[in-house]
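Chemist: Quick one: structure below, then a few questions.
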Amino acid sequence: MTGTHTGPAVVLVGPMGAGKTTVGELLAATLGTTCRDTDHDIVETAGKPISEIFLDEGEPHFRALERAAVRTALAEHTGVLALGGGAVLAPETRELLAGAPVVFLDMDVAEAVKRVGLDAPRPLLMMNPRKQWRELMDARRPLYTEVATAVVRTDERTPDEVAGEILDVLELKQT
Ligand SMILES: Nc1ncnc2c1ncn2[C@@H]1O[C@H](COP(=O)(O)OP(=O)(O)O)[C@@H](O)[C@H]1O
Ligand SMILES: O=C(O)C1=C[C@@H](OP(=O)(O)O)[C@@H](O)[C@H](O)C1
Ligand SMILES: [Mg+2]
């Protein structure tokens with residue numbers, strides 16, 4: 001115990017499917033640290049999948065769990081931290097992110113729909129994913145931009161390439 005809180009080395013934000021979870025793991029491996037994902041913390045606390053939390057208790061309850069999970073992870077974790085796509089909706093969370101190295105993983109709609117369609121269900125994109133994704137991005141892009149210290153595009157890049165680009169922009173790469 002040093003008693004010093006340094007905060008996460010990198011925090012990843014951005015929309016569903018941008019690769020926060022996938023790239024976070026790669027980045028952590030390269031940096032010799034671990035990746036923590038607030039969605040995983042929430043699932044562990046609630047004892048059920050995110051889709052069931054939305055169905056059983058509703059989105060406001062999920063957001064309350066998410067605010068608490070982000071606060072705890074920011075205080076405890078010094079490695080890579082991947083947030084859920086909607087975490088930045090909370091003003092409290094945006095304030096906590098001030099001063100942290102935050103990377104916004106950006107992508108366009110076609111790629112987003114392709115990626116999340118192949119994956120575990122995201123309750124917010126269950127119906128008409130294209131339209132819902134556009135509406136989410138219109139509402140959230142200013143918030144991702146507000147908290148970000150860097151923006152990295154993920155379209156037509158492999159997760160490894162995205163991880164490399166993050167190291168470059170944060171100047172964490174050993175040369
Ligand atoms: N750069 C990428 N290129 C292609 N597919 C990707 C890329 N990044 C992530 N994926 C895929 O997209 C899906 C969502 O990735 P995930 O890491 O869960 O995103 P997020 O945590 O941002 O929602 C997964 O199936 C993952 O394998
Ligand atoms: O954008 C959102 O509001 C959400 C994103 C998801 O995380 P990912 O961005 O990791 O998919 C998850 O937290 C939940 O389904 C809600
Ligand atoms: Mg994720």
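Chain lettering (A, B, ...) mirrors the order of the structure tokens, residue numbering begins at 1 for each chain separately, and ligand numbering begins at 1 in order of display.
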Step by step, measure atom-to-atom distances between ligand 1 and each residue using only C-alpha atoms and all ligand atoms, keep those at most 6 Å, then write them as number ranges by chain.

Modeler: A: 15-22, 115-116, 118-119, 154, 157-159

Chemist: Can you list, as a list in words, every residue of segment 89-127 of chain A that DSSP puts in strand (DSSP E or B)?

Modeler: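 Filtering segment 89-127 of chain A down to strand (DSSP E or B) leaves Val102, Val103, Phe104, Leu105 and Asp106 of chain A.
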
Chemist: I'd like the neighbourhood of Phe54 of chain A as a PyMOL selection string, where a residue qualifies if any of its atoms comes within 12 Å (using only C-alpha atoms), though same-chain residues fewer than 5 positions away should be ignored.

Modeler: chain A and resi 42-43+46+48-49+59-65+121-124+126

Chemist: May I have the residues from that selection written out with N, CA and C atoms, as a compact mmCIF listing (two decimals), in the first residue's frame?

Modeler:
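Okay, part_34.txt is ready:
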```txt
# COMPACT_ATOMS: atom_id res chain seq x y z
N ILE A 42 -20.75 -4.47 -12.79
CA ILE A 42 -22.20 -4.33 -12.56
C ILE A 42 -22.87 -5.71 -12.59
N VAL A 43 -22.49 -6.53 -13.56
CA VAL A 43 -23.07 -7.88 -13.67
C VAL A 43 -22.76 -8.69 -12.42
N ALA A 46 -24.90 -7.24 -9.49
CA ALA A 46 -26.34 -7.52 -9.64
C ALA A 46 -26.62 -9.03 -9.68
N LYS A 48 -26.72 -10.80 -12.36
CA LYS A 48 -27.41 -11.17 -13.60
C LYS A 48 -26.93 -10.30 -14.76
N PRO A 49 -27.21 -10.76 -15.98
CA PRO A 49 -26.74 -10.01 -17.15
C PRO A 49 -27.40 -8.63 -17.28
N GLU A 59 -33.88 0.95 -16.95
CA GLU A 59 -32.62 1.64 -17.23
C GLU A 59 -32.16 2.56 -16.08
N PRO A 60 -33.06 3.31 -15.42
CA PRO A 60 -32.57 4.18 -14.34
C PRO A 60 -31.82 3.41 -13.25
N HIS A 61 -32.30 2.22 -12.94
CA HIS A 61 -31.61 1.41 -11.92
C HIS A 61 -30.23 0.99 -12.44
N PHE A 62 -30.18 0.58 -13.72
CA PHE A 62 -28.89 0.22 -14.31
C PHE A 62 -27.92 1.41 -14.23
N ARG A 63 -28.42 2.62 -14.54
CA ARG A 63 -27.54 3.81 -14.53
C ARG A 63 -27.02 4.11 -13.13
N ALA A 64 -27.85 3.85 -12.11
CA ALA A 64 -27.41 4.06 -10.73
C ALA A 64 -26.29 3.07 -10.38
N LEU A 65 -26.48 1.81 -10.77
CA LEU A 65 -25.42 0.81 -10.55
C LEU A 65 -24.16 1.21 -11.30
N PRO A 121 -26.47 -9.49 -26.59
CA PRO A 121 -27.51 -8.48 -26.81
C PRO A 121 -27.27 -7.21 -26.02
N ARG A 122 -27.39 -6.05 -26.69
CA ARG A 122 -27.35 -4.75 -26.03
C ARG A 122 -28.80 -4.29 -25.99
N PRO A 123 -29.38 -4.16 -24.80
CA PRO A 123 -30.81 -3.85 -24.72
C PRO A 123 -31.20 -2.58 -25.45
N LEU A 124 -30.26 -1.62 -25.59
CA LEU A 124 -30.62 -0.35 -26.23
C LEU A 124 -30.69 -0.44 -27.75
N MET A 126 -32.06 -3.20 -29.47
CA MET A 126 -32.83 -4.39 -29.81
C MET A 126 -33.69 -4.20 -31.05
```

Chemist: List as a PDB file with N, CA and C atoms, in the first residue's frame the protein and nucleic acid residues near segment 145-147 of chain A, meaning an atom at most 9 Å away when only C-alpha atoms are counted, but skip any in the same chain fewer than 2 places from it.

Modeler:
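Output file part35.pdb is given in full below:
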```pdb
ATOM      1  N   VAL A  13     -13.821   5.295 -23.510  1.00  0.00           N
ATOM      2  CA  VAL A  13     -15.234   5.623 -23.652  1.00  0.00           C
ATOM      3  C   VAL A  13     -15.604   5.540 -25.132  1.00  0.00           C
ATOM      4  N   VAL A  88     -21.055   8.053 -19.714  1.00  0.00           N
ATOM      5  CA  VAL A  88     -20.811   9.500 -19.774  1.00  0.00           C
ATOM      6  C   VAL A  88     -22.094  10.325 -19.672  1.00  0.00           C
ATOM      7  N   ARG A  94     -18.893  12.400 -15.585  1.00  0.00           N
ATOM      8  CA  ARG A  94     -18.066  13.287 -16.417  1.00  0.00           C
ATOM      9  C   ARG A  94     -17.135  14.119 -15.542  1.00  0.00           C
ATOM     10  N   GLU A  95     -17.627  14.553 -14.396  1.00  0.00           N
ATOM     11  CA  GLU A  95     -16.763  15.314 -13.475  1.00  0.00           C
ATOM     12  C   GLU A  95     -15.617  14.464 -12.948  1.00  0.00           C
ATOM     13  N   LEU A  97     -14.193  12.117 -14.414  1.00  0.00           N
ATOM     14  CA  LEU A  97     -13.234  11.808 -15.485  1.00  0.00           C
ATOM     15  C   LEU A  97     -12.303  12.974 -15.792  1.00  0.00           C
ATOM     16  N   ALA A  98     -12.620  14.142 -15.287  1.00  0.00           N
ATOM     17  CA  ALA A  98     -11.790  15.312 -15.589  1.00  0.00           C
ATOM     18  C   ALA A  98     -10.366  15.071 -15.072  1.00  0.00           C
ATOM     19  N   GLY A  99      -9.401  15.269 -15.953  1.00  0.00           N
ATOM     20  CA  GLY A  99      -8.003  15.091 -15.546  1.00  0.00           C
ATOM     21  C   GLY A  99      -7.452  13.704 -15.833  1.00  0.00           C
ATOM     22  N   ALA A 100      -8.332  12.730 -16.133  1.00  0.00           N
ATOM     23  CA  ALA A 100      -7.862  11.372 -16.453  1.00  0.00           C
ATOM     24  C   ALA A 100      -7.550  11.270 -17.949  1.00  0.00           C
ATOM     25  N   VAL A 102      -8.443   9.997 -21.055  1.00  0.00           N
ATOM     26  CA  VAL A 102      -9.673   9.362 -21.556  1.00  0.00           C
ATOM     27  C   VAL A 102      -9.632   9.316 -23.078  1.00  0.00           C
ATOM     28  N   VAL A 103      -9.768   8.119 -23.639  1.00  0.00           N
ATOM     29  CA  VAL A 103      -9.763   7.977 -25.092  1.00  0.00           C
ATOM     30  C   VAL A 103     -11.173   7.633 -25.573  1.00  0.00           C
ATOM     31  N   PHE A 104     -11.663   8.433 -26.506  1.00  0.00           N
ATOM     32  CA  PHE A 104     -12.968   8.216 -27.149  1.00  0.00           C
ATOM     33  C   PHE A 104     -12.730   7.353 -28.388  1.00  0.00           C
ATOM     34  N   ARG A 140     -24.964  11.633 -27.604  1.00  0.00           N
ATOM     35  CA  ARG A 140     -23.782  11.347 -26.780  1.00  0.00           C
ATOM     36  C   ARG A 140     -22.454  11.876 -27.321  1.00  0.00           C
ATOM     37  N   ARG A 141     -22.391  12.116 -28.619  1.00  0.00           N
ATOM     38  CA  ARG A 141     -21.103  12.556 -29.182  1.00  0.00           C
ATOM     39  C   ARG A 141     -20.518  13.758 -28.432  1.00  0.00           C
ATOM     40  N   PRO A 142     -21.368  14.776 -28.116  1.00  0.00           N
ATOM     41  CA  PRO A 142     -20.795  15.915 -27.376  1.00  0.00           C
ATOM     42  C   PRO A 142     -20.242  15.513 -26.002  1.00  0.00           C
ATOM     43  N   LEU A 143     -20.837  14.489 -25.402  1.00  0.00           N
ATOM     44  CA  LEU A 143     -20.392  14.069 -24.063  1.00  0.00           C
ATOM     45  C   LEU A 143     -19.076  13.289 -24.162  1.00  0.00           C
ATOM     46  N   THR A 149      -9.542  13.105 -23.828  1.00  0.00           N
ATOM     47  CA  THR A 149      -8.289  13.806 -24.073  1.00  0.00           C
ATOM     48  C   THR A 149      -7.739  13.420 -25.450  1.00  0.00           C
ATOM     49  N   ALA A 150      -8.286  12.339 -26.042  1.00  0.00           N
ATOM     50  CA  ALA A 150      -7.884  11.922 -27.389  1.00  0.00           C
ATOM     51  C   ALA A 150      -9.038  11.159 -28.040  1.00  0.00           C
ATOM     52  N   VAL A 151      -9.100  11.229 -29.365  1.00  0.00           N
ATOM     53  CA  VAL A 151     -10.112  10.502 -30.128  1.00  0.00           C
ATOM     54  C   VAL A 151      -9.397   9.557 -31.085  1.00  0.00           C
TER      55      VAL A 151
END
```

Chemist: Can you check which residues of segment 3-161 of chain A DSSP gives as helix (DSSP H, G or I) on the backbone and send them as a VMD selection string?

Modeler: chain A and resid 20 to 31 38 to 46 50 to 57 59 to 76 87 to 89 91 to 97 109 to 117 123 to 125 129 to 147 159 to 161

Chemist: How about saving the chosen residues, C-alpha atoms kept, as a tab-separated table (two decimals), in the first residue's frame?

Modeler:
```
chain	number	residue	atom	x	y	z
A	20	LYS	CA	-13.76	-0.67	-25.48
A	21	THR	CA	-13.83	-4.14	-23.90
A	22	THR	CA	-11.82	-5.88	-26.65
A	23	VAL	CA	-9.21	-3.15	-27.12
A	24	GLY	CA	-9.00	-2.61	-23.35
A	25	GLU	CA	-7.79	-6.19	-22.86
A	26	LEU	CA	-5.16	-5.87	-25.63
A	27	LEU	CA	-3.96	-2.55	-24.31
A	28	ALA	CA	-3.66	-3.91	-20.78
A	29	ALA	CA	-1.63	-6.90	-21.99
A	30	THR	CA	0.76	-4.57	-23.85
A	31	LEU	CA	1.13	-2.30	-20.84
A	38	THR	CA	-17.47	-1.51	-15.37
A	39	ASP	CA	-20.13	-3.61	-17.16
A	40	HIS	CA	-18.50	-6.74	-15.71
A	41	ASP	CA	-18.49	-5.17	-12.24
A	42	ILE	CA	-22.20	-4.33	-12.56
A	43	VAL	CA	-23.07	-7.88	-13.67
A	44	GLU	CA	-21.16	-9.26	-10.72
A	45	THR	CA	-22.85	-6.93	-8.23
A	46	ALA	CA	-26.34	-7.52	-9.64
A	50	ILE	CA	-27.23	-6.38	-18.19
A	51	SER	CA	-30.16	-7.26	-20.44
A	52	GLU	CA	-31.96	-8.73	-17.41
A	53	ILE	CA	-31.23	-5.69	-15.23
A	54	PHE	CA	-32.83	-3.50	-17.94
A	55	LEU	CA	-35.85	-5.83	-18.17
A	56	ASP	CA	-36.38	-6.40	-14.44
A	57	GLU	CA	-35.44	-3.06	-12.87
A	59	GLU	CA	-32.62	1.64	-17.23
A	60	PRO	CA	-32.57	4.18	-14.34
A	61	HIS	CA	-31.61	1.41	-11.92
A	62	PHE	CA	-28.89	0.22	-14.31
A	63	ARG	CA	-27.54	3.81	-14.53
A	64	ALA	CA	-27.41	4.06	-10.73
A	65	LEU	CA	-25.42	0.81	-10.55
A	66	GLU	CA	-23.20	2.14	-13.33
A	67	ARG	CA	-22.45	5.44	-11.57
A	68	ALA	CA	-21.40	3.52	-8.46
A	69	ALA	CA	-19.32	1.04	-10.47
A	70	VAL	CA	-17.47	3.83	-12.30
A	71	ARG	CA	-16.79	5.76	-9.10
A	72	THR	CA	-15.36	2.66	-7.41
A	73	ALA	CA	-13.28	1.59	-10.41
A	74	LEU	CA	-11.80	5.07	-10.87
A	75	ALA	CA	-10.76	5.10	-7.22
A	76	GLU	CA	-9.36	1.55	-7.17
A	87	ALA	CA	-21.56	5.95	-18.59
A	88	VAL	CA	-20.81	9.50	-19.77
A	89	LEU	CA	-24.53	10.40	-19.57
A	91	PRO	CA	-22.74	14.53	-15.03
A	92	GLU	CA	-21.18	13.07	-11.86
A	93	THR	CA	-19.19	10.59	-13.98
A	94	ARG	CA	-18.07	13.29	-16.42
A	95	GLU	CA	-16.76	15.31	-13.47
A	96	LEU	CA	-14.89	12.31	-12.10
A	97	LEU	CA	-13.23	11.81	-15.48
A	109	VAL	CA	-23.08	3.60	-37.91
A	110	ALA	CA	-22.60	0.85	-40.50
A	111	GLU	CA	-19.67	-0.62	-38.62
A	112	ALA	CA	-21.45	-0.30	-35.26
A	113	VAL	CA	-24.54	-2.19	-36.39
A	114	LYS	CA	-22.37	-4.91	-37.94
A	115	ARG	CA	-20.32	-5.36	-34.77
A	116	VAL	CA	-23.01	-5.35	-32.11
A	117	GLY	CA	-25.28	-7.52	-34.24
A	123	PRO	CA	-30.81	-3.85	-24.72
A	124	LEU	CA	-30.62	-0.35	-26.23
A	125	LEU	CA	-30.22	-1.65	-29.78
A	129	PRO	CA	-30.48	-0.66	-34.38
A	130	ARG	CA	-29.48	1.73	-37.16
A	131	LYS	CA	-31.92	4.48	-36.13
A	132	GLN	CA	-31.33	3.93	-32.42
A	133	TRP	CA	-27.58	4.05	-32.86
A	134	ARG	CA	-27.83	7.35	-34.77
A	135	GLU	CA	-30.03	8.88	-32.07
A	136	LEU	CA	-27.70	7.69	-29.32
A	137	MET	CA	-24.68	9.14	-31.11
A	138	ASP	CA	-26.38	12.49	-31.72
A	139	ALA	CA	-27.08	12.74	-28.00
A	140	ARG	CA	-23.78	11.35	-26.78
A	141	ARG	CA	-21.10	12.56	-29.18
A	142	PRO	CA	-20.79	15.92	-27.38
A	143	LEU	CA	-20.39	14.07	-24.06
A	144	TYR	CA	-17.70	11.70	-25.38
A	145	THR	CA	-15.91	14.70	-26.85
A	146	GLU	CA	-16.21	16.66	-23.59
A	147	VAL	CA	-14.50	13.99	-21.47
A	159	PRO	CA	-8.44	-4.18	-32.38
A	160	ASP	CA	-4.62	-4.53	-32.36
A	161	GLU	CA	-4.26	-1.51	-34.63
```
